[in-house]
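Shown below: structure-v9.cif, with mmCIF, C-alpha atoms.
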data_entry
loop_
_atom_site.label_atom_id
_atom_site.label_comp_id
_atom_site.auth_asym_id
_atom_site.auth_seq_id
_atom_site.Cartn_x
_atom_site.Cartn_y
_atom_site.Cartn_z
CA MET A 1 98.87 115.52 124.71
CA GLY A 2 102.63 115.65 124.86
CA THR A 3 105.23 118.29 124.23
CA SER A 4 108.32 118.51 122.05
CA ILE A 5 111.86 118.86 123.34
CA GLN A 6 115.24 118.99 121.64
CA LEU A 7 117.99 116.52 122.50
CA THR A 8 121.61 116.50 121.37
CA ALA A 9 123.54 113.41 120.31
CA ALA A 10 127.18 112.73 121.07
CA ASP A 11 128.27 114.25 117.76
CA GLY A 12 126.42 117.51 118.47
CA PHE A 13 123.43 116.79 116.22
CA SER A 14 120.14 118.15 117.61
CA PHE A 15 116.81 116.41 117.03
CA PRO A 16 113.22 116.71 118.33
CA VAL A 17 111.52 114.24 120.65
CA TYR A 18 107.80 114.01 121.40
CA VAL A 19 107.42 113.51 125.16
CA ALA A 20 104.28 112.27 126.92
CA GLN A 21 104.26 112.48 130.70
CA PRO A 22 102.72 109.76 132.90
CA SER A 23 99.04 110.57 133.19
CA GLY A 24 95.94 109.62 135.16
CA SER A 25 96.66 107.88 138.45
CA TYR A 26 100.35 107.76 137.50
CA ALA A 27 100.75 111.52 137.05
CA GLY A 28 104.00 112.74 138.57
CA LYS A 29 105.39 109.29 139.39
CA ALA A 30 106.80 107.49 136.37
CA ARG A 31 107.21 103.71 136.56
CA GLY A 32 110.13 104.10 134.16
CA ALA A 33 110.42 105.22 130.55
CA ILE A 34 109.58 103.84 127.12
CA VAL A 35 111.32 105.05 123.96
CA VAL A 36 109.02 104.73 120.93
CA VAL A 37 110.65 104.31 117.51
CA GLN A 38 108.56 105.41 114.54
CA GLU A 39 107.63 103.62 111.33
CA ILE A 40 108.80 105.10 108.00
CA PHE A 41 106.10 107.78 108.26
CA GLY A 42 107.74 110.01 110.87
CA VAL A 43 106.49 111.07 114.27
CA ASN A 44 102.95 111.48 113.01
CA SER A 45 99.63 111.47 114.85
CA HIS A 46 99.64 107.69 115.19
CA ILE A 47 103.09 107.51 116.77
CA CYS A 48 102.20 110.35 119.14
CA ALA A 49 99.06 108.40 120.12
CA VAL A 50 101.18 105.29 120.74
CA ALA A 51 103.44 107.32 123.05
CA ASP A 52 100.39 108.75 124.81
CA GLY A 53 99.16 105.20 125.37
CA TYR A 54 102.34 104.22 127.19
CA ALA A 55 102.12 107.40 129.26
CA GLU A 56 98.62 106.39 130.33
CA GLN A 57 100.19 103.21 131.71
CA GLY A 58 102.55 105.23 133.91
CA TYR A 59 105.62 105.52 131.72
CA LEU A 60 107.46 108.59 130.56
CA ALA A 61 107.14 108.02 126.79
CA LEU A 62 109.53 109.53 124.26
CA ALA A 63 109.16 109.29 120.47
CA LEU A 64 112.25 110.60 118.72
CA ALA A 65 112.22 111.78 115.12
CA THR A 66 114.53 109.31 113.39
CA PHE A 67 114.58 110.95 109.94
CA GLU A 68 116.10 114.25 111.08
CA ARG A 69 119.59 113.45 109.80
CA ALA A 70 118.09 113.14 106.30
CA LYS A 71 115.16 115.58 106.41
CA ARG A 72 113.70 117.78 109.13
CA GLY A 73 110.11 117.71 110.32
CA VAL A 74 108.86 114.56 108.57
CA ASP A 75 105.17 113.78 109.17
CA LEU A 76 103.75 111.49 106.47
CA GLY A 77 100.35 109.97 105.87
CA TYR A 78 99.62 106.33 105.06
CA THR A 79 99.43 106.83 101.30
CA GLN A 80 101.45 105.55 98.35
CA GLU A 81 103.19 108.93 98.20
CA GLY A 82 103.93 108.82 101.91
CA MET A 83 105.26 105.29 101.65
CA GLY A 84 107.51 106.21 98.75
CA GLU A 85 108.99 109.18 100.57
CA GLY A 86 109.34 107.14 103.75
CA PHE A 87 111.25 104.36 102.02
CA ALA A 88 113.59 106.92 100.44
CA LEU A 89 114.27 108.58 103.79
CA LYS A 90 114.83 105.20 105.44
CA GLY A 91 117.41 104.44 102.75
CA ALA A 92 119.17 107.74 103.41
CA ILE A 93 119.38 107.06 107.15
CA GLU A 94 120.54 103.47 106.63
CA ALA A 95 123.30 104.78 104.35
CA LEU A 96 124.79 107.02 107.05
CA PRO A 97 128.21 105.96 108.32
CA ALA A 98 128.14 104.28 111.73
CA PRO A 99 127.05 105.05 114.35
CA GLY A 100 124.57 107.32 112.52
CA LEU A 101 121.06 107.16 113.99
CA MET A 102 122.15 105.03 116.94
CA GLN A 103 123.68 108.15 118.50
CA ASP A 104 120.20 109.68 118.62
CA ILE A 105 118.74 106.54 120.16
CA GLN A 106 121.47 106.54 122.81
CA ALA A 107 120.89 110.20 123.66
CA THR A 108 117.14 109.56 124.00
CA VAL A 109 117.66 106.54 126.25
CA ASP A 110 120.09 108.50 128.42
CA HIS A 111 117.63 111.38 128.77
CA ALA A 112 114.75 108.97 129.46
CA ALA A 113 116.65 107.34 132.32
CA GLN A 114 117.54 110.68 133.87
CA ALA A 115 114.11 112.24 133.43
CA SER A 116 112.13 109.24 134.68
CA GLY A 117 114.48 108.14 137.42
CA GLY A 118 113.82 104.54 136.42
CA LYS A 119 114.59 101.85 133.89
CA VAL A 120 114.12 102.33 130.15
CA GLY A 121 112.46 100.11 127.59
CA ILE A 122 112.24 100.58 123.83
CA VAL A 123 109.53 99.64 121.35
CA GLY A 124 109.48 100.14 117.59
CA TYR A 125 107.23 99.46 114.63
CA CYS A 126 108.16 98.35 111.10
CA TRP A 127 111.52 100.02 110.39
CA GLY A 128 111.38 101.11 114.03
CA GLY A 129 111.24 97.42 114.92
CA LEU A 130 114.55 96.89 113.15
CA ILE A 131 116.04 99.89 114.97
CA THR A 132 114.70 98.49 118.25
CA TRP A 133 116.44 95.16 117.58
CA ARG A 134 119.70 96.94 116.82
CA SER A 135 119.29 99.07 119.93
CA ALA A 136 118.96 95.97 122.10
CA ALA A 137 122.46 95.00 120.96
CA LEU A 138 124.15 98.39 120.59
CA VAL A 139 122.59 100.92 122.98
CA ASN A 140 123.58 101.15 126.64
CA GLY A 141 121.04 101.42 129.42
CA LEU A 142 118.10 99.45 128.05
CA ALA A 143 116.13 97.11 130.30
CA ALA A 144 113.85 95.64 127.60
CA ALA A 145 113.13 95.86 123.87
CA VAL A 146 110.00 95.04 121.86
CA PRO A 147 110.23 95.06 118.05
CA TYR A 148 106.93 94.94 116.16
CA TYR A 149 107.27 93.36 112.68
CA GLY A 150 110.81 94.65 112.35
CA GLY A 151 111.47 94.86 108.64
CA GLY A 152 114.96 93.51 107.98
CA MET A 153 115.74 92.18 111.46
CA THR A 154 115.34 88.56 110.34
CA LEU A 155 117.52 88.95 107.23
CA GLY A 156 121.19 89.28 106.35
CA ASP A 157 123.54 89.95 109.25
CA GLU A 158 120.83 91.28 111.60
CA PRO A 159 119.98 87.94 113.29
CA ALA A 160 123.63 87.59 114.29
CA ARG A 161 123.30 90.50 116.70
CA GLN A 162 123.31 89.57 120.39
CA PRO A 163 120.85 91.57 122.50
CA GLN A 164 122.10 92.93 125.81
CA CYS A 165 118.60 93.08 127.33
CA PRO A 166 115.45 90.93 127.24
CA VAL A 167 113.62 91.08 123.88
CA LEU A 168 110.03 90.25 122.93
CA CYS A 169 109.08 90.08 119.22
CA HIS A 170 105.76 90.47 117.40
CA PHE A 171 105.33 89.26 113.81
CA SER A 172 102.37 88.46 111.58
CA ASP A 173 101.69 85.47 109.34
CA ARG A 174 100.46 87.50 106.35
CA ASP A 175 103.42 89.90 106.22
CA HIS A 176 104.54 90.47 102.63
CA TYR A 177 107.72 92.24 103.81
CA ILE A 178 109.07 89.61 106.21
CA PRO A 179 109.34 86.04 104.86
CA MET A 180 107.99 83.41 107.24
CA GLU A 181 111.07 81.23 106.75
CA SER A 182 113.26 84.12 107.92
CA ILE A 183 111.19 84.43 111.10
CA GLN A 184 111.65 80.72 111.73
CA SER A 185 115.41 81.05 111.20
CA PHE A 186 115.45 84.01 113.59
CA GLN A 187 113.66 81.94 116.23
CA ALA A 188 116.19 79.15 115.82
CA ALA A 189 119.05 81.62 116.24
CA HIS A 190 117.49 83.20 119.35
CA PRO A 191 115.60 80.51 121.26
CA ALA A 192 115.51 82.68 124.40
CA VAL A 193 113.60 85.46 122.62
CA PRO A 194 109.81 85.03 122.76
CA VAL A 195 108.29 85.42 119.29
CA HIS A 196 104.53 85.91 118.96
CA MET A 197 102.72 85.45 115.66
CA TYR A 198 99.43 87.12 114.71
CA ALA A 199 96.86 86.34 112.02
CA ALA A 200 97.22 89.77 110.48
CA ASP A 201 99.13 91.84 107.94
CA HIS A 202 102.26 93.95 108.31
CA GLY A 203 101.40 97.11 110.26
CA PHE A 204 98.57 95.52 112.24
CA ASN A 205 99.18 97.77 115.24
CA CYS A 206 98.28 100.96 113.34
CA ASP A 207 94.60 101.90 113.27
CA GLN A 208 95.30 104.49 110.57
CA ARG A 209 96.45 101.85 108.07
CA ALA A 210 94.27 99.52 106.03
CA ALA A 211 96.31 96.69 107.55
CA GLY A 212 95.31 97.68 111.08
CA HIS A 213 93.83 94.74 113.00
CA ALA A 214 92.36 95.66 116.36
CA PRO A 215 92.29 92.16 117.95
CA SER A 216 95.96 91.52 117.11
CA ALA A 217 96.95 95.02 118.23
CA ALA A 218 95.15 94.57 121.55
CA LEU A 219 96.75 91.19 122.24
CA ALA A 220 100.22 92.43 121.29
CA ARG A 221 99.78 95.48 123.51
CA GLU A 222 98.71 93.29 126.44
CA ARG A 223 101.81 91.15 126.02
CA THR A 224 104.05 94.18 125.57
CA LEU A 225 102.76 95.91 128.68
CA ALA A 226 103.24 92.73 130.73
CA PHE A 227 106.80 92.44 129.40
CA PHE A 228 107.59 96.05 130.27
CA ALA A 229 105.97 95.67 133.70
CA GLN A 230 108.31 92.74 134.35
CA HIS A 231 111.52 94.33 133.11
CA VAL A 232 111.05 98.12 133.29
CA GLY A 233 108.67 98.63 136.19
#
Just dump the structure as structure tokens.
Amino acid sequence: MGTSIQLTAADGFSFPVYVAQPSGSYAGKARGAIVVVQEIFGVNSHICAVADGYAEQGYLALALATFERAKRGVDLGYTQEGMGEGFALKGAIEALPAPGLMQDIQATVDHAAQASGGKVGIVGYCWGGLITWRSAALVNGLAAAVPYYGGGMTLGDEPARQPQCPVLCHFSDRDHYIPMESIQSFQAAHPAVPVHMYAADHGFNCDQRAAGHAPSAALARERTLAFFAQHVG
């Protein structure tokens, strides 16, 4: 079980971060740090469990609340109502003038590096996958980035971004939010970025969603941990 801390971005904005310390045989000796970027449902029980899972692998794990600039204390369930509110909050954050949310990501990465004494990776799910892709291009101090089914990262101007760290992508072949042809175009634009496809729906990593698919989640996690072990520590 982690704790909550407050961090402050460059513009003075304060936001909460769920922090899970390295546990088990890794207690007290972080391999590095992993920043976890939420879906559109806030830092809820699932995202906290994801952070705890990285902590069990020896990383200092930090899940920042990315809706704070629009609404404080968001914790939504996987319902139609929760999805509707989440999409509205996502829209509000996306509408912020630059650099907006990226200031909070940068502050979290900076703290993660200092607190862990090691390299920092970032992983994000759904909208968090898009933010992870942007972070790979815009945030300083990242050693690796792993977007899971990043909604929007294969469309518009997003594929034109140039990552400044190694990136590993997870997508699914039954995703109604991310067109397959856009994934193929993304691959063509970034041949050096490994892209893994899964026979699952959007959100397959989440065991609290109807779309959760344990075999795909386990395989993606195995690949993600190997990627972080190679680039973060």
So what does the PyMOL selection byres ((chain A and resi 23-34) around 9) actually pick up in this one, as a PDB file with C-alpha atoms, keeping the file's coordinate frame?
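File written: result_7.pdb
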ATOM      1  CA  ALA A  20     104.280 112.270 126.920  1.00  0.00           C
ATOM      2  CA  GLN A  21     104.260 112.480 130.700  1.00  0.00           C
ATOM      3  CA  PRO A  22     102.720 109.760 132.900  1.00  0.00           C
ATOM      4  CA  VAL A  35     111.320 105.050 123.960  1.00  0.00           C
ATOM      5  CA  VAL A  36     109.020 104.730 120.930  1.00  0.00           C
ATOM      6  CA  ALA A  51     103.440 107.320 123.050  1.00  0.00           C
ATOM      7  CA  ASP A  52     100.390 108.750 124.810  1.00  0.00           C
ATOM      8  CA  TYR A  54     102.340 104.220 127.190  1.00  0.00           C
ATOM      9  CA  ALA A  55     102.120 107.400 129.260  1.00  0.00           C
ATOM     10  CA  GLU A  56      98.620 106.390 130.330  1.00  0.00           C
ATOM     11  CA  GLN A  57     100.190 103.210 131.710  1.00  0.00           C
ATOM     12  CA  GLY A  58     102.550 105.230 133.910  1.00  0.00           C
ATOM     13  CA  TYR A  59     105.620 105.520 131.720  1.00  0.00           C
ATOM     14  CA  LEU A  60     107.460 108.590 130.560  1.00  0.00           C
ATOM     15  CA  ALA A  61     107.140 108.020 126.790  1.00  0.00           C
ATOM     16  CA  LEU A  62     109.530 109.530 124.260  1.00  0.00           C
ATOM     17  CA  ALA A  63     109.160 109.290 120.470  1.00  0.00           C
ATOM     18  CA  VAL A 109     117.660 106.540 126.250  1.00  0.00           C
ATOM     19  CA  ALA A 112     114.750 108.970 129.460  1.00  0.00           C
ATOM     20  CA  ALA A 113     116.650 107.340 132.320  1.00  0.00           C
ATOM     21  CA  ALA A 115     114.110 112.240 133.430  1.00  0.00           C
ATOM     22  CA  SER A 116     112.130 109.240 134.680  1.00  0.00           C
ATOM     23  CA  GLY A 117     114.480 108.140 137.420  1.00  0.00           C
ATOM     24  CA  GLY A 118     113.820 104.540 136.420  1.00  0.00           C
ATOM     25  CA  LYS A 119     114.590 101.850 133.890  1.00  0.00           C
ATOM     26  CA  VAL A 120     114.120 102.330 130.150  1.00  0.00           C
ATOM     27  CA  GLY A 121     112.460 100.110 127.590  1.00  0.00           C
ATOM     28  CA  ILE A 122     112.240 100.580 123.830  1.00  0.00           C
ATOM     29  CA  VAL A 123     109.530  99.640 121.350  1.00  0.00           C
ATOM     30  CA  PHE A 228     107.590  96.050 130.270  1.00  0.00           C
ATOM     31  CA  ALA A 229     105.970  95.670 133.700  1.00  0.00           C
ATOM     32  CA  VAL A 232     111.050  98.120 133.290  1.00  0.00           C
ATOM     33  CA  GLY A 233     108.670  98.630 136.190  1.00  0.00           C
TER      34      GLY A 233
END
Let me make sure I understand: among A:Gln6, A:Gln187, A:Asn44, A:Asn205, which one has the smallest atom-to-atom distance to Tyr148 in chain A if we use all atoms listed in the file? A:Asn205
Using all atoms listed in the file, which residues of range 144-178 of chain A come within 8 Å of range 212-227 of chain A, and what is the closest atom pair for each, with the distance in Å to one decimal? Give it as a Markdown table, sorted by chain and residue number.
| residue | atom | partner | partner_atom | distance |
| --- | --- | --- | --- | --- |
| A:Ala144 | CA | A:Phe227 | CA | 7.9 |
| A:Val146 | CA | A:Thr224 | CA | 7.1 |
| A:Leu168 | CA | A:Phe227 | CA | 7.6 |
| A:His170 | CA | A:Ala220 | CA | 7.0 |
Hey, which of A:Leu155, A:Ala10, A:Ala98, A:Leu89 ends up closest to Glu181 in chain A? Count all atoms listed in the file.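 Of A:Leu155, A:Ala10, A:Ala98, A:Leu89, the one nearest Glu181 in chain A, counting all atoms listed in the file, is A:Leu155.
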Counting all atoms listed in the file, the option among A:Phe171, A:Tyr78, A:Phe87, A:Phe186 closest to Asp201 in chain A: A:Phe171
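Each of A:Ser45, A:Ser172, A:Gln114, A:Asn140 was compared to Ala211 in chain A using only C-alpha atoms, and A:Ser172 turns out to be the nearest.
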Can you tell me which residues surround Asp11 in chain A at a distance of at most 10 Å, considering all atoms listed in the file, apart from same-chain residues fewer than 6 positions away, and format the answer as a PyMOL selection string? chain A and resi 99-100+103-104
Picked residues, the PyMOL selection byres ((chain A and resi 18) around 7), as a PDB file with C-alpha atoms, in the frame of the given file:
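In the end it all went to result-v9.pdb:
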ATOM      1  CA  GLY A   2     102.630 115.650 124.860  1.00  0.00           C
ATOM      2  CA  THR A   3     105.230 118.290 124.230  1.00  0.00           C
ATOM      3  CA  SER A   4     108.320 118.510 122.050  1.00  0.00           C
ATOM      4  CA  ILE A   5     111.860 118.860 123.340  1.00  0.00           C
ATOM      5  CA  PRO A  16     113.220 116.710 118.330  1.00  0.00           C
ATOM      6  CA  VAL A  17     111.520 114.240 120.650  1.00  0.00           C
ATOM      7  CA  VAL A  19     107.420 113.510 125.160  1.00  0.00           C
ATOM      8  CA  ALA A  20     104.280 112.270 126.920  1.00  0.00           C
ATOM      9  CA  LEU A  62     109.530 109.530 124.260  1.00  0.00           C
ATOM     10  CA  ALA A  63     109.160 109.290 120.470  1.00  0.00           C
ATOM     11  CA  LEU A  64     112.250 110.600 118.720  1.00  0.00           C
TER      12      LEU A  64
END
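If you measure from each of A:Gln38, A:Thr8, A:Gln230, A:Gln106 to Ala143 in chain A using only C-alpha atoms, the closest one turns out to be A:Gln230.
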Between A:Leu130, A:Ala192, A:Ala92, A:Cys48, which has the minimum distance to Gly151 in chain A (counting all atoms listed in the file)? A:Leu130
Please measure the separation of CA of Ala145 in chain A and CA of Val167 in chain A, giving the value in Å to one decimal.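 One can read the CA of Ala145 in chain A to CA of Val167 in chain A distance as 4.8 Å.
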For a test of reading the model, state the distance in Å between CA of Ile40 in chain A and CA of Gly150 in chain A, rounded to one decimal. 11.5 Å
Name the residues that the PyMOL selection byres ((chain A and resi 66) around 8) pulls out of this structure, and write them as number ranges by chain. A: 37-38, 42, 64-65, 67-69, 101, 104
Determine, counting only C-alpha atoms, which protein, DNA and RNA residues have an atom within 9 Å of an atom of Pro159 in chain A; residues of the same chain fewer than 3 positions away are not included. Present the result as a count of residues only. 9
As an exercise, work out the distance from CA of Ala137 in chain A to CA of Ile178 in chain A in Å and give it to one decimal place.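 Atom-to-atom, CA of Ala137 in chain A and CA of Ile178 in chain A are spaced 20.6 Å apart.
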